[in-house]
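As C-alpha cells, the structure follows; a few thoughts come after it.
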Amino acid sequence: MPPQTHAEFRVTAASARIVLVVAIGVFLAQGWYLAGTQVGYNEEVVGHAAPPATEIVVEDHVARAINICDGHSWIAFSRGGDPHLVLCAGGLAWPILVNSYIGGVLYWPLQVLRPLHHGDLIALRRTALPIGALALLVLFLLVERLGGALCAALTVLVTAVFPAVVIMHSVLSFFELVPALLIACAALVVAQRADPGLPPTARRAAVAGGLVGLAVFASVKAVFIGAPLLAFALFESSVLRRTSARAWFAAGLAAILMTLPMTIAAVADPYSGFGHQVGFHLAAAASKLNPHALADAIVSALICAADLGIYLARADGSDGNLWPATLVLPAIALAYSTAAFVRALWRLPHDRIAGACGAVQLFYLLFVWLAYTQEGGNYLAICYAQSISAACVIAAVGRTVAKRGGNPIVAVALATAITIAPLVANTYRRGDPRNLAISINLEAERALGEHLQRTPGGPVVVTSSNLVGIPEAVSGHPEMRLDDTLGRAMSDCAEQPDDHECGRDVAVAVINAVPGARFLVPLRTSHYDKSWEDRISDTIASAARALGAQVREEAHFETRQGVPVLALLVVGDGSESTGSKDREAQQPGANEKMDGG
C-alpha cells in the first residue's frame, strides 16, 4: 500500500466527534475526582449566592456586627472584603460584583441547582463541571470550523488534560476561565454564519457583542483576550472588514449593556474600589519596564500551562519540585504560535488558528508583565489559547511527516502522547492535595464543617482572608468575618513580628461584643496567607489575658495525615492558654517540606 500523502491526510468529522466524546469523559472523570481533593479558599466561594455576610468592624474600641443586607436597599456595597456588591433577595446575598473588576452574575444560574448542592462546597464544584464540558464543545466547533477536524480533535484531547483547565474547572473560580469561554462563544457565533463570504448581520453581531460584554462583566481581563483576537480576525479577514456600521453599532451597544452594572458600580462605589485597582496596576506597570521582568513573565506563563499544581505545592514551604523538561513543549507551542502570528503580519503562508492564539498569548503576556506583581495564576485566562497552540503543533508534525512520505497517523499519535504524558503527570505526581499541611486543606475544612454541624456553640468568627466563606460552604452555618478589620490592625505593626499585642484591641473588642465567639484560626500558614496571619492565635491569647481570661481550643482539624492546620479558639475561664509556644512547631519554615507536599 503506498504511503499516505499530505493531500490524503485527513480526519473525518465522525472520528473527530468520537474524540470529542472521549475527551469530555476524560475531563469529567478528572474533574469529579479533583473537586473532592482540591483546597478550599475564599475566592471560589465568595462569588456564589449565600447567606448575607456579617462583617465585624471596630471603631473607638467598640465592635459592631454589620450584615451586608441589613440596610433599606436591596443592593448593597460591602465595607470591606468580597463580595463587593450584592443583591439581597430570598434570604441570600447574590453577588453582582465579586470585587470591583469581577462580576458575580454568571454564578447565579447554579442556584437553580441549590436543591442538589445546598451550597456545599464539593457538591457545588461538581454541579459546575458541565461548564468545562461546554468549553470543550465550543472549542471543538470553533477550531473545526476554522482549522479542520484534525486540529479540533487534537484541541479537545490536549485541553481535556491541560493542568490549568482540569484543576481550575474542578474549583469554582469562574472568573478565570469563563471569560475566555464566552469570547470563544462570540467567535463561534461569527464563524458559524451560513455564508462565510458575507459579513455578519446586525443580529449576529449583537449576539457576539453581548457575549463579549458578558465576558468583560465576568472579568475585566477579558478585554485583554478579546481585543487582540478581534484585531487579528479583522487583519486576517477582508470579509469581516466589510462589516456594516449598523452591525458594529449593534455589537457595541450589546457589549455596553452587558457591562453597564460594572460601570455604574464603579461610578457609585463609595469605597472607590475600581479607582484603587486602576492606580495599583498603573504603579505596577511603571515598576516593571525591564527585560528581566518580561522573561520572568514568559517562564511563569509556561509553568502555568504545563504545571499549575506547582503553585499549590509551594504553599507548604517547598520549592514545588519543578520538572524543567516539561516546559519544553509549551515553549515550542508558544514559539510556533508566535511564528504563525508574525508570518500572518508579513502576509506569508501561516497556520491561522495558531496565529490567533499567538496574538492572544503575546498581548496577554505584555499585559500581565506590566500590570501584575504577584506570582502564578495570572495566565489562567489564556490556558485555552495555550492548549490550542499545542494541538496546532501536533497537527503540524502530522502534516510535515505526510509531506515527506511518512506515516502521519503514527507521527500524530506519538506527538500527542509526548505532549499529554507530562501534562497528566504534573497534575497528579505530587499526590493527594488533602495531605498538604496548609490552612485551606480540604480534609480539615470538611472536618470543620462536620464539627460545626454536630456541636452547638457561639458564632464562628473567621480571622483569615483565605477562609472567608468556607465555614458556611462546608457546614451551612453563617459566619462573622473579622479578617478585614483585623488585617488593618495587624498591618499597623507588620514590621514588629514579635509584638503579640498587634491587633489586641480589635480582639478585645470582639470578645466583649460577641459572647462565646469561636475564632477560626490557621495553625499552618503559607506565603499565600497574609504575613501577619501566623500571629492570630497569639493575638487572641493576648486579648484574653488583657481581660483576665484564657483561651481554650474547642477543636482542631487535620490533614489526611493527621497534621493540625485549623483550630476553633474560645475565650473563657479555667483552661490553658493556647499561643505561640503550643503551635510553634507547626508553622512551616522557609525550607521545610510538609508531609504530602
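Residues are referred to by chain and number: the chain letter is A, B, ... according to the order shown in the C-alpha cells, the number counts from 1 in that chain, and ligands are numbered separately from 1 in the order shown.
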
Skipping near chain neighbours, those fewer than 5 positions away, what residues fall within 8 Å of A:Thr159 using only C-alpha atoms, listed as a PyMOL selection string?
chain A and resi 136+165+384+387-388

Keeping only C-alpha atoms, take the residues you just selected and write them out as a PDB file, in the first residue's frame.
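Ended up saving to part.pdb:
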ATOM      1  CA  LEU A 136     -14.565  21.617  25.156  1.00  0.00           C
ATOM      2  CA  VAL A 165      -8.095  23.559  32.620  1.00  0.00           C
ATOM      3  CA  TYR A 384      -7.319  27.625  26.144  1.00  0.00           C
ATOM      4  CA  SER A 387      -3.756  24.224  24.718  1.00  0.00           C
ATOM      5  CA  ILE A 388      -4.918  25.027  21.174  1.00  0.00           C
TER       6      ILE A 388
END

Excluding A:Glu443 and any residue of its chain fewer than 4 positions from it, enumerate the residues within 9 Å of it, using only C-alpha atoms, and give them as a PyMOL selection string.
chain A and resi 37+39+434-435+447-448+557-560

As number ranges by chain, please: the residues near A:His477 (cut-off 9 Å, only C-alpha atoms, same-chain neighbours under 2 positions excluded).
A: 51, 449, 452-453, 459-460, 471-475, 479

Next, write the just-selected residues to a file, as a short mmCIF file (atom, residue, chain, number, x, y, z; two decimals), in the first residue's frame, keeping C-alpha atoms as the atom set.
data_model
loop_
_atom_site.label_atom_id
_atom_site.label_comp_id
_atom_site.auth_asym_id
_atom_site.auth_seq_id
_atom_site.Cartn_x
_atom_site.Cartn_y
_atom_site.Cartn_z
CA PRO A 51 -26.49 33.84 53.45
CA GLY A 449 -17.97 21.51 58.75
CA LEU A 452 -20.00 22.77 63.39
CA GLN A 453 -22.99 20.68 62.34
CA PRO A 459 -20.88 32.26 66.32
CA VAL A 460 -17.87 31.40 64.18
CA PRO A 471 -17.39 27.66 57.25
CA GLU A 472 -20.73 28.44 55.60
CA ALA A 473 -19.79 26.41 52.49
CA VAL A 474 -18.82 23.28 54.43
CA SER A 475 -21.42 23.42 57.22
CA GLU A 479 -20.18 33.14 59.95
#

Kindly indicate which residue among A:Ala297, A:Ala513, A:Leu253, A:Val412 lies nearest to A:Leu362, using only C-alpha atoms for the distances.
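Between A:Ala297, A:Ala513, A:Leu253, A:Val412, the residue approaching A:Leu362 most closely is A:Ala297.
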
Give me, as a tab-separated table, each residue of stretch 84-188 of chain A that comes within 9 Å of stretch 350-360 of chain A, together with its shortest interatomic pair and the distance in Å at one decimal, counting only C-alpha atoms, with rows ordered by chain and rising residue number.
residue	atom	partner	partner_atom	distance
A:Val143	CA	A:Ile353	CA	7.3
A:Leu146	CA	A:Ile353	CA	7.1
A:Gly147	CA	A:Ile353	CA	6.4

Just give me the gap between atom CA of A:Ala222 and atom CA of A:Leu177 in Å, one decimal is fine.
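Pair atom CA of A:Ala222 / atom CA of A:Leu177 returns 9.6 Å.
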
As an mmCIF file with all heavy atoms, in the first residue's frame, please: the residues near stretch 92-98 of chain A (cut-off 8 Å, only C-alpha atoms, same-chain neighbours under 3 positions excluded).
data_model
loop_
_atom_site.group_PDB
_atom_site.id
_atom_site.type_symbol
_atom_site.label_atom_id
_atom_site.label_comp_id
_atom_site.auth_asym_id
_atom_site.auth_seq_id
_atom_site.Cartn_x
_atom_site.Cartn_y
_atom_site.Cartn_z
ATOM 1 N N VAL A 46 -16.853 33.108 47.401
ATOM 2 C CA VAL A 46 -17.482 34.409 47.622
ATOM 3 C C VAL A 46 -18.292 34.886 46.426
ATOM 4 O O VAL A 46 -19.082 35.822 46.546
ATOM 5 C CB VAL A 46 -16.427 35.487 47.987
ATOM 6 C CG1 VAL A 46 -15.800 35.189 49.314
ATOM 7 C CG2 VAL A 46 -15.373 35.615 46.891
ATOM 8 N N GLY A 47 -18.141 34.253 45.266
ATOM 9 C CA GLY A 47 -18.912 34.654 44.108
ATOM 10 C C GLY A 47 -20.306 34.050 44.063
ATOM 11 O O GLY A 47 -21.128 34.462 43.250
ATOM 12 N N HIS A 48 -20.574 33.090 44.937
ATOM 13 C CA HIS A 48 -21.840 32.381 44.887
ATOM 14 C C HIS A 48 -22.841 32.938 45.891
ATOM 15 O O HIS A 48 -22.469 33.429 46.959
ATOM 16 C CB HIS A 48 -21.609 30.889 45.155
ATOM 17 C CG HIS A 48 -20.841 30.221 44.060
ATOM 18 N ND1 HIS A 48 -21.446 29.609 42.998
ATOM 19 C CD2 HIS A 48 -19.510 30.108 43.846
ATOM 20 C CE1 HIS A 48 -20.527 29.129 42.178
ATOM 21 N NE2 HIS A 48 -19.347 29.423 42.672
ATOM 22 N N ALA A 49 -24.103 32.858 45.532
ATOM 23 C CA ALA A 49 -25.155 33.298 46.440
ATOM 24 C C ALA A 49 -25.072 32.513 47.739
ATOM 25 O O ALA A 49 -24.932 31.288 47.733
ATOM 26 C CB ALA A 49 -26.521 33.120 45.789
ATOM 27 N N ALA A 50 -25.149 33.212 48.863
ATOM 28 C CA ALA A 50 -25.007 32.598 50.174
ATOM 29 C C ALA A 50 -25.718 33.479 51.198
ATOM 30 O O ALA A 50 -26.070 34.626 50.896
ATOM 31 C CB ALA A 50 -23.519 32.448 50.533
ATOM 32 N N PRO A 51 -25.940 32.976 52.406
ATOM 33 C CA PRO A 51 -26.494 33.843 53.446
ATOM 34 C C PRO A 51 -25.655 35.113 53.570
ATOM 35 O O PRO A 51 -24.422 35.055 53.471
ATOM 36 C CB PRO A 51 -26.392 32.981 54.709
ATOM 37 C CG PRO A 51 -26.490 31.575 54.195
ATOM 38 C CD PRO A 51 -25.764 31.594 52.879
ATOM 39 N N PRO A 52 -26.292 36.256 53.759
ATOM 40 C CA PRO A 52 -25.557 37.533 53.769
ATOM 41 C C PRO A 52 -24.429 37.545 54.800
ATOM 42 O O PRO A 52 -24.589 37.077 55.933
ATOM 43 C CB PRO A 52 -26.639 38.565 54.129
ATOM 44 C CG PRO A 52 -27.914 37.924 53.729
ATOM 45 C CD PRO A 52 -27.735 36.454 53.943
ATOM 46 N N ALA A 53 -23.293 38.060 54.373
ATOM 47 C CA ALA A 53 -22.116 38.105 55.240
ATOM 48 C C ALA A 53 -22.309 39.124 56.360
ATOM 49 O O ALA A 53 -22.882 40.192 56.161
ATOM 50 C CB ALA A 53 -20.881 38.467 54.423
ATOM 51 N N CYS A 69 -26.779 42.927 54.261
ATOM 52 C CA CYS A 69 -28.151 43.087 53.772
ATOM 53 C C CYS A 69 -29.097 43.672 54.830
ATOM 54 O O CYS A 69 -30.320 43.545 54.702
ATOM 55 C CB CYS A 69 -28.695 41.749 53.276
ATOM 56 S SG CYS A 69 -27.955 41.209 51.707
ATOM 57 N N ASP A 82 -14.787 40.692 50.001
ATOM 58 C CA ASP A 82 -15.652 40.274 48.907
ATOM 59 C C ASP A 82 -16.818 39.455 49.457
ATOM 60 O O ASP A 82 -16.692 38.827 50.508
ATOM 61 C CB ASP A 82 -14.850 39.435 47.906
ATOM 62 C CG ASP A 82 -13.665 40.195 47.333
ATOM 63 O OD1 ASP A 82 -13.753 41.425 47.263
ATOM 64 O OD2 ASP A 82 -12.668 39.547 46.964
ATOM 65 N N PRO A 83 -17.966 39.422 48.759
ATOM 66 C CA PRO A 83 -18.285 40.121 47.516
ATOM 67 C C PRO A 83 -18.458 41.612 47.725
ATOM 68 O O PRO A 83 -18.865 42.072 48.787
ATOM 69 C CB PRO A 83 -19.589 39.472 47.073
ATOM 70 C CG PRO A 83 -20.215 38.975 48.336
ATOM 71 C CD PRO A 83 -19.075 38.570 49.210
ATOM 72 N N HIS A 84 -18.183 42.359 46.670
ATOM 73 C CA HIS A 84 -18.108 43.812 46.756
ATOM 74 C C HIS A 84 -19.479 44.479 46.687
ATOM 75 O O HIS A 84 -19.747 45.460 47.380
ATOM 76 C CB HIS A 84 -17.219 44.315 45.618
ATOM 77 C CG HIS A 84 -16.908 45.772 45.671
ATOM 78 N ND1 HIS A 84 -16.235 46.348 46.719
ATOM 79 C CD2 HIS A 84 -17.185 46.780 44.804
ATOM 80 C CE1 HIS A 84 -16.100 47.647 46.493
ATOM 81 N NE2 HIS A 84 -16.670 47.928 45.337
ATOM 82 N N LEU A 85 -20.361 43.931 45.832
ATOM 83 C CA LEU A 85 -21.690 44.496 45.634
ATOM 84 C C LEU A 85 -22.674 43.343 45.491
ATOM 85 O O LEU A 85 -22.439 42.425 44.708
ATOM 86 C CB LEU A 85 -21.727 45.371 44.382
ATOM 87 C CG LEU A 85 -23.068 45.992 43.989
ATOM 88 C CD1 LEU A 85 -23.523 47.004 45.034
ATOM 89 C CD2 LEU A 85 -22.966 46.667 42.619
ATOM 90 N N VAL A 86 -23.768 43.367 46.266
ATOM 91 C CA VAL A 86 -24.691 42.240 46.268
ATOM 92 C C VAL A 86 -26.130 42.705 46.088
ATOM 93 O O VAL A 86 -26.484 43.853 46.383
ATOM 94 C CB VAL A 86 -24.598 41.411 47.577
ATOM 95 C CG1 VAL A 86 -23.200 40.862 47.782
ATOM 96 C CG2 VAL A 86 -25.044 42.242 48.782
ATOM 97 N N LEU A 87 -26.942 41.777 45.618
ATOM 98 C CA LEU A 87 -28.392 41.931 45.598
ATOM 99 C C LEU A 87 -28.947 41.079 46.733
ATOM 100 O O LEU A 87 -28.665 39.881 46.822
ATOM 101 C CB LEU A 87 -28.967 41.455 44.259
ATOM 102 C CG LEU A 87 -30.494 41.301 44.186
ATOM 103 C CD1 LEU A 87 -31.174 42.664 44.267
ATOM 104 C CD2 LEU A 87 -30.897 40.573 42.910
ATOM 105 N N CYS A 88 -29.712 41.686 47.625
ATOM 106 C CA CYS A 88 -30.265 40.977 48.771
ATOM 107 C C CYS A 88 -31.680 40.512 48.427
ATOM 108 O O CYS A 88 -32.585 41.338 48.266
ATOM 109 C CB CYS A 88 -30.297 41.890 49.996
ATOM 110 S SG CYS A 88 -28.671 42.532 50.459
ATOM 111 N N ALA A 89 -31.882 39.214 48.320
ATOM 112 C CA ALA A 89 -33.188 38.686 47.939
ATOM 113 C C ALA A 89 -33.286 37.230 48.353
ATOM 114 O O ALA A 89 -32.312 36.471 48.250
ATOM 115 C CB ALA A 89 -33.405 38.814 46.426
ATOM 116 N N TYR A 101 -13.692 44.569 39.735
ATOM 117 C CA TYR A 101 -13.453 44.254 38.324
ATOM 118 C C TYR A 101 -13.854 42.829 37.939
ATOM 119 O O TYR A 101 -13.555 42.369 36.844
ATOM 120 C CB TYR A 101 -11.983 44.488 37.957
ATOM 121 C CG TYR A 101 -10.998 43.650 38.745
ATOM 122 C CD1 TYR A 101 -10.540 42.445 38.254
ATOM 123 C CD2 TYR A 101 -10.513 44.084 39.974
ATOM 124 C CE1 TYR A 101 -9.645 41.669 38.970
ATOM 125 C CE2 TYR A 101 -9.608 43.329 40.698
ATOM 126 C CZ TYR A 101 -9.190 42.117 40.190
ATOM 127 O OH TYR A 101 -8.307 41.359 40.909
ATOM 128 N N ILE A 102 -14.558 42.133 38.832
ATOM 129 C CA ILE A 102 -15.043 40.782 38.544
ATOM 130 C C ILE A 102 -16.530 40.720 38.866
ATOM 131 O O ILE A 102 -16.947 41.018 39.985
ATOM 132 C CB ILE A 102 -14.289 39.719 39.372
ATOM 133 C CG1 ILE A 102 -12.832 39.631 38.923
ATOM 134 C CG2 ILE A 102 -14.956 38.359 39.246
ATOM 135 C CD1 ILE A 102 -11.986 38.705 39.767
ATOM 136 N N GLY A 103 -17.336 40.339 37.870
ATOM 137 C CA GLY A 103 -18.774 40.234 38.069
ATOM 138 C C GLY A 103 -19.170 38.909 38.680
ATOM 139 O O GLY A 103 -18.494 37.893 38.510
ATOM 140 N N GLY A 104 -20.298 38.900 39.397
ATOM 141 C CA GLY A 104 -20.765 37.680 40.046
ATOM 142 C C GLY A 104 -22.039 37.110 39.460
ATOM 143 O O GLY A 104 -22.464 36.025 39.855
ATOM 144 N N VAL A 105 -22.648 37.806 38.509
ATOM 145 C CA VAL A 105 -23.939 37.376 37.978
ATOM 146 C C VAL A 105 -23.837 36.020 37.269
ATOM 147 O O VAL A 105 -24.784 35.228 37.285
ATOM 148 C CB VAL A 105 -24.509 38.455 37.029
ATOM 149 C CG1 VAL A 105 -25.779 37.966 36.348
ATOM 150 C CG2 VAL A 105 -24.799 39.740 37.806
ATOM 151 N N TRP A 108 -24.924 33.038 39.242
ATOM 152 C CA TRP A 108 -26.307 32.891 39.676
ATOM 153 C C TRP A 108 -27.010 31.652 39.147
ATOM 154 O O TRP A 108 -27.785 31.023 39.887
ATOM 155 C CB TRP A 108 -27.112 34.145 39.287
ATOM 156 C CG TRP A 108 -26.729 35.378 40.056
ATOM 157 C CD1 TRP A 108 -25.657 35.543 40.873
ATOM 158 C CD2 TRP A 108 -27.423 36.632 40.055
ATOM 159 N NE1 TRP A 108 -25.619 36.814 41.392
ATOM 160 C CE2 TRP A 108 -26.702 37.504 40.910
ATOM 161 C CE3 TRP A 108 -28.571 37.092 39.425
ATOM 162 C CZ2 TRP A 108 -27.107 38.819 41.130
ATOM 163 C CZ3 TRP A 108 -28.971 38.397 39.651
ATOM 164 C CH2 TRP A 108 -28.250 39.250 40.505
ATOM 165 N N PRO A 261 -23.724 47.215 34.539
ATOM 166 C CA PRO A 261 -23.692 47.109 36.009
ATOM 167 C C PRO A 261 -22.313 47.410 36.594
ATOM 168 O O PRO A 261 -22.203 48.056 37.634
ATOM 169 C CB PRO A 261 -24.110 45.656 36.263
ATOM 170 C CG PRO A 261 -24.912 45.282 35.062
ATOM 171 C CD PRO A 261 -24.262 45.995 33.917
ATOM 172 N N MET A 262 -21.262 46.935 35.919
ATOM 173 C CA MET A 262 -19.917 47.186 36.418
ATOM 174 C C MET A 262 -19.566 48.663 36.309
ATOM 175 O O MET A 262 -18.947 49.253 37.211
ATOM 176 C CB MET A 262 -18.901 46.333 35.644
ATOM 177 C CG MET A 262 -17.472 46.449 36.128
ATOM 178 S SD MET A 262 -16.362 45.295 35.271
ATOM 179 C CE MET A 262 -16.791 43.742 36.076
#

Residue neighbourhood stretch 15-23 of chain A, 7 Å, only C-alpha atoms, exclusion window fewer than 3 positions, as a list in words:
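Residues meeting the cut-off are Val11, Thr12, Val26, Phe27, Ala149, Leu150, Ala153, Val156, Leu157 and Ala160 of chain A.
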
Print the selection's residues with N, CA, C and O atoms to a file, as a CSV table (one decimal), in the first residue's frame.
chain,number,residue,atom,x,y,z
A,11,VAL,N,-8.8,13.7,8.8
A,11,VAL,CA,-9.6,13.0,9.9
A,11,VAL,C,-11.1,13.3,9.6
A,11,VAL,O,-11.4,14.5,9.4
A,12,THR,N,-11.9,12.3,9.6
A,12,THR,CA,-13.3,12.6,9.3
A,12,THR,C,-14.0,13.3,10.4
A,12,THR,O,-13.6,13.2,11.6
A,26,VAL,N,-13.1,12.1,29.7
A,26,VAL,CA,-11.8,12.1,30.5
A,26,VAL,C,-11.8,13.4,31.4
A,26,VAL,O,-11.4,13.3,32.6
A,27,PHE,N,-12.3,14.5,30.8
A,27,PHE,CA,-12.3,15.7,31.6
A,27,PHE,C,-13.2,15.6,32.8
A,27,PHE,O,-12.9,16.0,34.0
A,149,ALA,N,-11.1,19.2,11.1
A,149,ALA,CA,-11.5,18.2,12.1
A,149,ALA,C,-10.3,17.7,12.9
A,149,ALA,O,-10.3,17.4,14.1
A,150,LEU,N,-9.1,17.5,12.2
A,150,LEU,CA,-7.9,17.0,12.9
A,150,LEU,C,-7.5,18.0,14.0
A,150,LEU,O,-7.3,17.5,15.2
A,153,ALA,N,-10.0,17.8,16.9
A,153,ALA,CA,-9.9,16.7,17.7
A,153,ALA,C,-8.7,16.8,18.7
A,153,ALA,O,-8.8,16.4,19.8
A,156,VAL,N,-9.3,19.3,21.7
A,156,VAL,CA,-10.1,18.8,22.9
A,156,VAL,C,-9.3,17.7,23.6
A,156,VAL,O,-9.4,17.6,24.8
A,157,LEU,N,-8.5,17.0,22.9
A,157,LEU,CA,-7.7,15.9,23.5
A,157,LEU,C,-6.7,16.5,24.5
A,157,LEU,O,-6.5,16.1,25.6
A,160,ALA,N,-8.4,18.6,27.4
A,160,ALA,CA,-9.1,17.8,28.5
A,160,ALA,C,-8.1,17.3,29.6
A,160,ALA,O,-8.5,16.9,30.6

What lies within 10 Å of A:Leu366 using only C-alpha atoms, ignoring chain neighbours under 4 positions off, as a ChimeraX atom specification?
/A:224,294,297-298,361-362,370-371
